[in-house]
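One structure is given here, and the rest of the page talks about it.
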Amino acid sequence: MIREKFCKNKIVHISDRSHLNLTLNILETGNSDILSGGQLKFKNIDTYTMVFINEGKGMARRTAVESQLSKGHGFFLFPGMELIIENPQEENLNITWVTFIGYLIDNYLGRANITQGRPLFQDKKGRIGEKVNSLYLASHKLPNRYCRMASMLYDIFACLLEENPTKTTMDSKENAEFYTMKAIDYMERNLTKNLLVEEVAMVLGISRKHLYHAFSYVLNTSPKKYMICLRIEKAARQLRYSEQSISEIAEIAGYQNQFYFSKEFKRLTGFTPSQYRVSPVDIRLCGNVSTI
């Protein structure tokens with residue numbers, strides 16, 4: 001138990017982006033009571049936030065997803081996520097949070113089986129909540145608070161990794177195959193619009209980096225390259241089996257610019273769209289996508 005006097009309902013700004021630790025850089029920490037019927041909103045543009053529930057029960061709402069929260073639960077916000085924590089109970093809900101950035105965070109969280117699709121965790125051993133609140137308390141102690149806080153944040157990640165051990169090779173393989181299959185299915189159904197890899201990852205509830213690793217592991221290529229192959233194969237089928245114009249086929253394959261489509265088609269197939277239309281050759285790119 002933390003025996004020091006706990007300062008509730010405070011926000012402490014720790015640093016800005018001029019003070020950059022490439023692995024972890026703490027930007028802000030805070031504590032807040034959410035009164036009955038009240039709510040607190042977090043919006044992360046390019047930062048991460050870990051929220052921990054100290055007391056009470058509530059509801060976490062993000063895009064089309066709701067999660068029940070209670071004492072001992074934690075929640076991670078990834079870049080681009082928005083979270084509203086509501087308190088529908090009569091008693092107050094108390095939370096502590098810390099906001100940070102760093103280039104290895106996705107790697108740490110992924111190894112702890114925490115993703116955009118599964119951002120909720122439970123402090124089963126009662127260690128993480130104490131460490132989060134100790135970090136918050138350390139923010140009030142000058143000088144040299146930053147080193148103490150950084151070491152505490154690393155310690156929190158260490159606990160998360162210990163309590164959620166890295167998946168076995170078989171589990172990792174099955175996980176990568178699952179996300180790759182789901183991504184390909186979504187790509188095939190949405191090629192006609194200007195589909196981006198970021199959108200595919202968001203729909204699956206994972207980061208673009210995780211999607212890239214899944215494709216690299218399963219197909220030895222990137223999601224972007226595979227999507228290009230799907231577009232060109234779709235265009236090749238339309239050229240072969242329809243009488244639509246090249247501009248119409250380019251649009252169906254997700255290309256707004258016919259000139260760029262024709263250039264890309266020839267780069268990957270060796271034919272212009274017009275040449276392929278009268279050629280007896282059948283294009284199959286996705287089976288050899290790693291070479292494009």
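We label chains A, B, ... in the order they appear in the structure tokens, count residues from 1 in each chain, and number ligands from 1 in the order shown.
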Output as CSV one row per residue of stretch 37-62 of chain A within 12 Å of stretch 111-124 of chain A: the closest atom pair and its distance in Å to one decimal place, counting only C-alpha atoms, sorted by chain and residue number ascending.
```
residue,atom,partner,partner_atom,distance
A:Tyr48,CA,A:Gln116,CA,11.0
A:Thr49,CA,A:Pro119,CA,10.7
A:Met50,CA,A:Pro119,CA,9.4
A:Val51,CA,A:Leu120,CA,9.6
A:Phe52,CA,A:Asp123,CA,9.2
A:Ile53,CA,A:Gln122,CA,9.9
A:Asn54,CA,A:Asp123,CA,10.8
A:Met59,CA,A:Leu120,CA,11.8
A:Ala60,CA,A:Leu120,CA,9.7
A:Arg61,CA,A:Leu120,CA,11.8
A:Arg62,CA,A:Gln116,CA,10.7
```
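Near A:Ser274, within a cut-off of 10 Å and counting only C-alpha atoms, sit the residues Leu239, Ser245, Ile246 and Ser262 of chain A, with same-chain residues fewer than 6 positions away left out.
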Using all heavy atoms, can you export the residues from the last selection as a compact mmCIF listing (two decimals), in the first residue's frame?
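Result file is result-v5.txt:
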```
# COMPACT_ATOMS: atom_id res chain seq x y z
N LEU A 239 -10.17 -6.56 -67.60
CA LEU A 239 -9.69 -6.37 -68.98
C LEU A 239 -9.98 -7.60 -69.83
O LEU A 239 -10.35 -7.50 -71.01
CB LEU A 239 -8.19 -6.08 -68.97
CG LEU A 239 -7.75 -4.69 -68.50
CD1 LEU A 239 -6.26 -4.67 -68.22
CD2 LEU A 239 -8.11 -3.63 -69.53
N SER A 245 -14.19 0.32 -70.41
CA SER A 245 -13.04 1.12 -70.83
C SER A 245 -11.94 1.01 -69.79
O SER A 245 -12.17 0.63 -68.63
CB SER A 245 -13.44 2.58 -71.00
OG SER A 245 -13.76 3.16 -69.74
N ILE A 246 -10.73 1.36 -70.20
CA ILE A 246 -9.58 1.30 -69.28
C ILE A 246 -9.78 2.27 -68.11
O ILE A 246 -9.42 1.96 -66.97
CB ILE A 246 -8.27 1.59 -70.04
CG1 ILE A 246 -7.98 0.46 -71.02
CG2 ILE A 246 -7.10 1.76 -69.06
CD1 ILE A 246 -6.77 0.67 -71.90
N SER A 262 -2.15 2.75 -65.58
CA SER A 262 -1.52 2.11 -66.74
C SER A 262 -0.02 1.91 -66.50
O SER A 262 0.55 0.87 -66.86
CB SER A 262 -1.74 2.96 -68.00
OG SER A 262 -3.11 3.06 -68.30
```
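Across A:Leu40, A:Val278, A:Val12, A:Ala183, the tightest approach to A:Glu243 is made by A:Val278 when counting only C-alpha atoms.
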All alpha helix (DSSP H) positions in stretch 125-268 of chain A, as a PyMOL selection string: chain A and resi 128-138+145-163+169-189+197-204+208-219+223-241+246-252+258-268
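Using only C-alpha atoms, the protein and nucleic acid residues lying no more than 9 Å from A:Ser207, apart from those fewer than 5 places from it along its own chain, are Phe78, Asp106, Thr115, Gln116, Glu198, Ala201, Met202 and Tyr212 of chain A.
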Just want the 10 Å neighbourhood of A:Cys7, counted on only C-alpha atoms, with same-chain residues fewer than 6 positions away dropped. Output as a PyMOL selection string. chain A and resi 30-32+136-137+140
If you count only C-alpha atoms, which residues fall within 12 Å of A:Ala138, apart from same-chain ones fewer than 2 positions away, as a tab-separated table (two decimals) with N, CA and C atoms, in the first residue's frame?
```tsv
chain	number	residue	atom	x	y	z
A	2	ILE	N	0.37	2.30	-0.69
A	2	ILE	CA	1.09	3.57	-0.71
A	2	ILE	C	0.72	4.35	0.54
A	4	GLU	N	2.09	7.38	1.54
A	4	GLU	CA	2.21	8.83	1.44
A	4	GLU	C	0.85	9.46	1.19
A	5	LYS	N	0.72	10.73	1.53
A	5	LYS	CA	-0.52	11.46	1.27
A	5	LYS	C	-0.73	11.57	-0.23
A	6	PHE	N	-1.88	11.11	-0.67
A	6	PHE	CA	-2.18	11.05	-2.10
A	6	PHE	C	-2.92	12.31	-2.51
A	7	CYS	N	-2.39	13.04	-3.49
A	7	CYS	CA	-3.00	14.29	-3.96
A	7	CYS	C	-3.95	13.98	-5.10
A	12	VAL	N	-0.24	16.85	-13.72
A	12	VAL	CA	1.13	17.34	-13.65
A	12	VAL	C	1.77	17.18	-15.03
A	14	ILE	N	4.86	16.99	-17.36
A	14	ILE	CA	6.21	16.53	-17.06
A	14	ILE	C	7.23	17.05	-18.06
A	29	THR	N	1.03	13.16	-16.31
A	29	THR	CA	0.38	12.19	-15.45
A	29	THR	C	-0.68	12.93	-14.64
A	30	GLY	N	-1.71	12.22	-14.23
A	30	GLY	CA	-2.78	12.89	-13.52
A	30	GLY	C	-3.66	11.93	-12.75
A	131	LYS	N	2.16	0.77	-8.72
A	131	LYS	CA	3.27	1.40	-9.44
A	131	LYS	C	2.79	2.64	-10.21
A	132	VAL	N	1.60	2.57	-10.81
A	132	VAL	CA	1.06	3.73	-11.53
A	132	VAL	C	0.87	4.90	-10.58
A	133	ASN	N	0.32	4.62	-9.40
A	133	ASN	CA	0.10	5.69	-8.43
A	133	ASN	C	1.40	6.19	-7.82
A	134	SER	N	2.38	5.31	-7.67
A	134	SER	CA	3.70	5.75	-7.20
A	134	SER	C	4.34	6.68	-8.21
A	135	LEU	N	4.17	6.37	-9.49
A	135	LEU	CA	4.69	7.25	-10.55
A	135	LEU	C	4.03	8.62	-10.46
A	136	TYR	N	2.72	8.63	-10.26
A	136	TYR	CA	2.00	9.90	-10.13
A	136	TYR	C	2.49	10.69	-8.92
A	140	HIS	N	5.29	14.88	-8.16
A	140	HIS	CA	5.20	16.05	-7.28
A	140	HIS	C	6.50	16.34	-6.55
A	141	LYS	N	7.51	15.49	-6.76
A	141	LYS	CA	8.74	15.60	-5.97
A	141	LYS	C	9.89	16.10	-6.83
A	142	LEU	N	10.27	17.33	-6.62
A	142	LEU	CA	11.42	17.91	-7.30
A	142	LEU	C	12.61	17.90	-6.35
A	143	PRO	N	13.85	17.90	-6.81
A	143	PRO	CA	14.24	17.79	-8.22
A	143	PRO	C	14.38	16.31	-8.62
A	144	ASN	N	14.84	16.10	-9.83
A	144	ASN	CA	15.18	14.76	-10.34
A	144	ASN	C	13.99	13.80	-10.38
A	145	ARG	N	12.79	14.34	-10.55
A	145	ARG	CA	11.63	13.44	-10.58
A	145	ARG	C	11.60	12.59	-11.85
A	146	TYR	N	12.17	13.11	-12.95
A	146	TYR	CA	11.97	12.43	-14.22
A	146	TYR	C	12.62	11.04	-14.26
A	147	CYS	N	13.83	10.94	-13.73
A	147	CYS	CA	14.51	9.64	-13.73
A	147	CYS	C	13.73	8.62	-12.92
A	148	ARG	N	13.20	9.04	-11.76
A	148	ARG	CA	12.41	8.13	-10.94
A	148	ARG	C	11.17	7.68	-11.71
A	149	MET	N	10.49	8.63	-12.35
A	149	MET	CA	9.26	8.31	-13.06
A	149	MET	C	9.52	7.40	-14.25
A	150	ALA	N	10.61	7.67	-14.98
A	150	ALA	CA	10.93	6.83	-16.14
A	150	ALA	C	11.21	5.40	-15.70
A	151	SER	N	11.94	5.24	-14.60
A	151	SER	CA	12.24	3.88	-14.12
A	151	SER	C	10.96	3.18	-13.68
A	152	MET	N	10.02	3.93	-13.11
A	152	MET	CA	8.75	3.34	-12.69
A	152	MET	C	7.92	2.90	-13.89
A	153	LEU	N	7.95	3.69	-14.96
A	153	LEU	CA	7.19	3.32	-16.16
A	153	LEU	C	7.78	2.05	-16.79
```
Would you pick out the contacts of A:Thr180 at 9 Å or less, using only C-alpha atoms, so that residues sharing its chain but fewer than 6 positions from it are not included, and give the list as a list of chain:residue names? A:Leu211, A:Ala214, A:Phe215, A:Val218, A:Leu219, A:Pro223
Would you please give, as an MDAnalysis selection string, all residues of stretch 22-133 of chain A that DSSP assigns to strand (DSSP E or B) based on the backbone? chainID A and resid 25:34 39:43 48:55 57:62 65:70 73:77 82:86 93:101 120:122
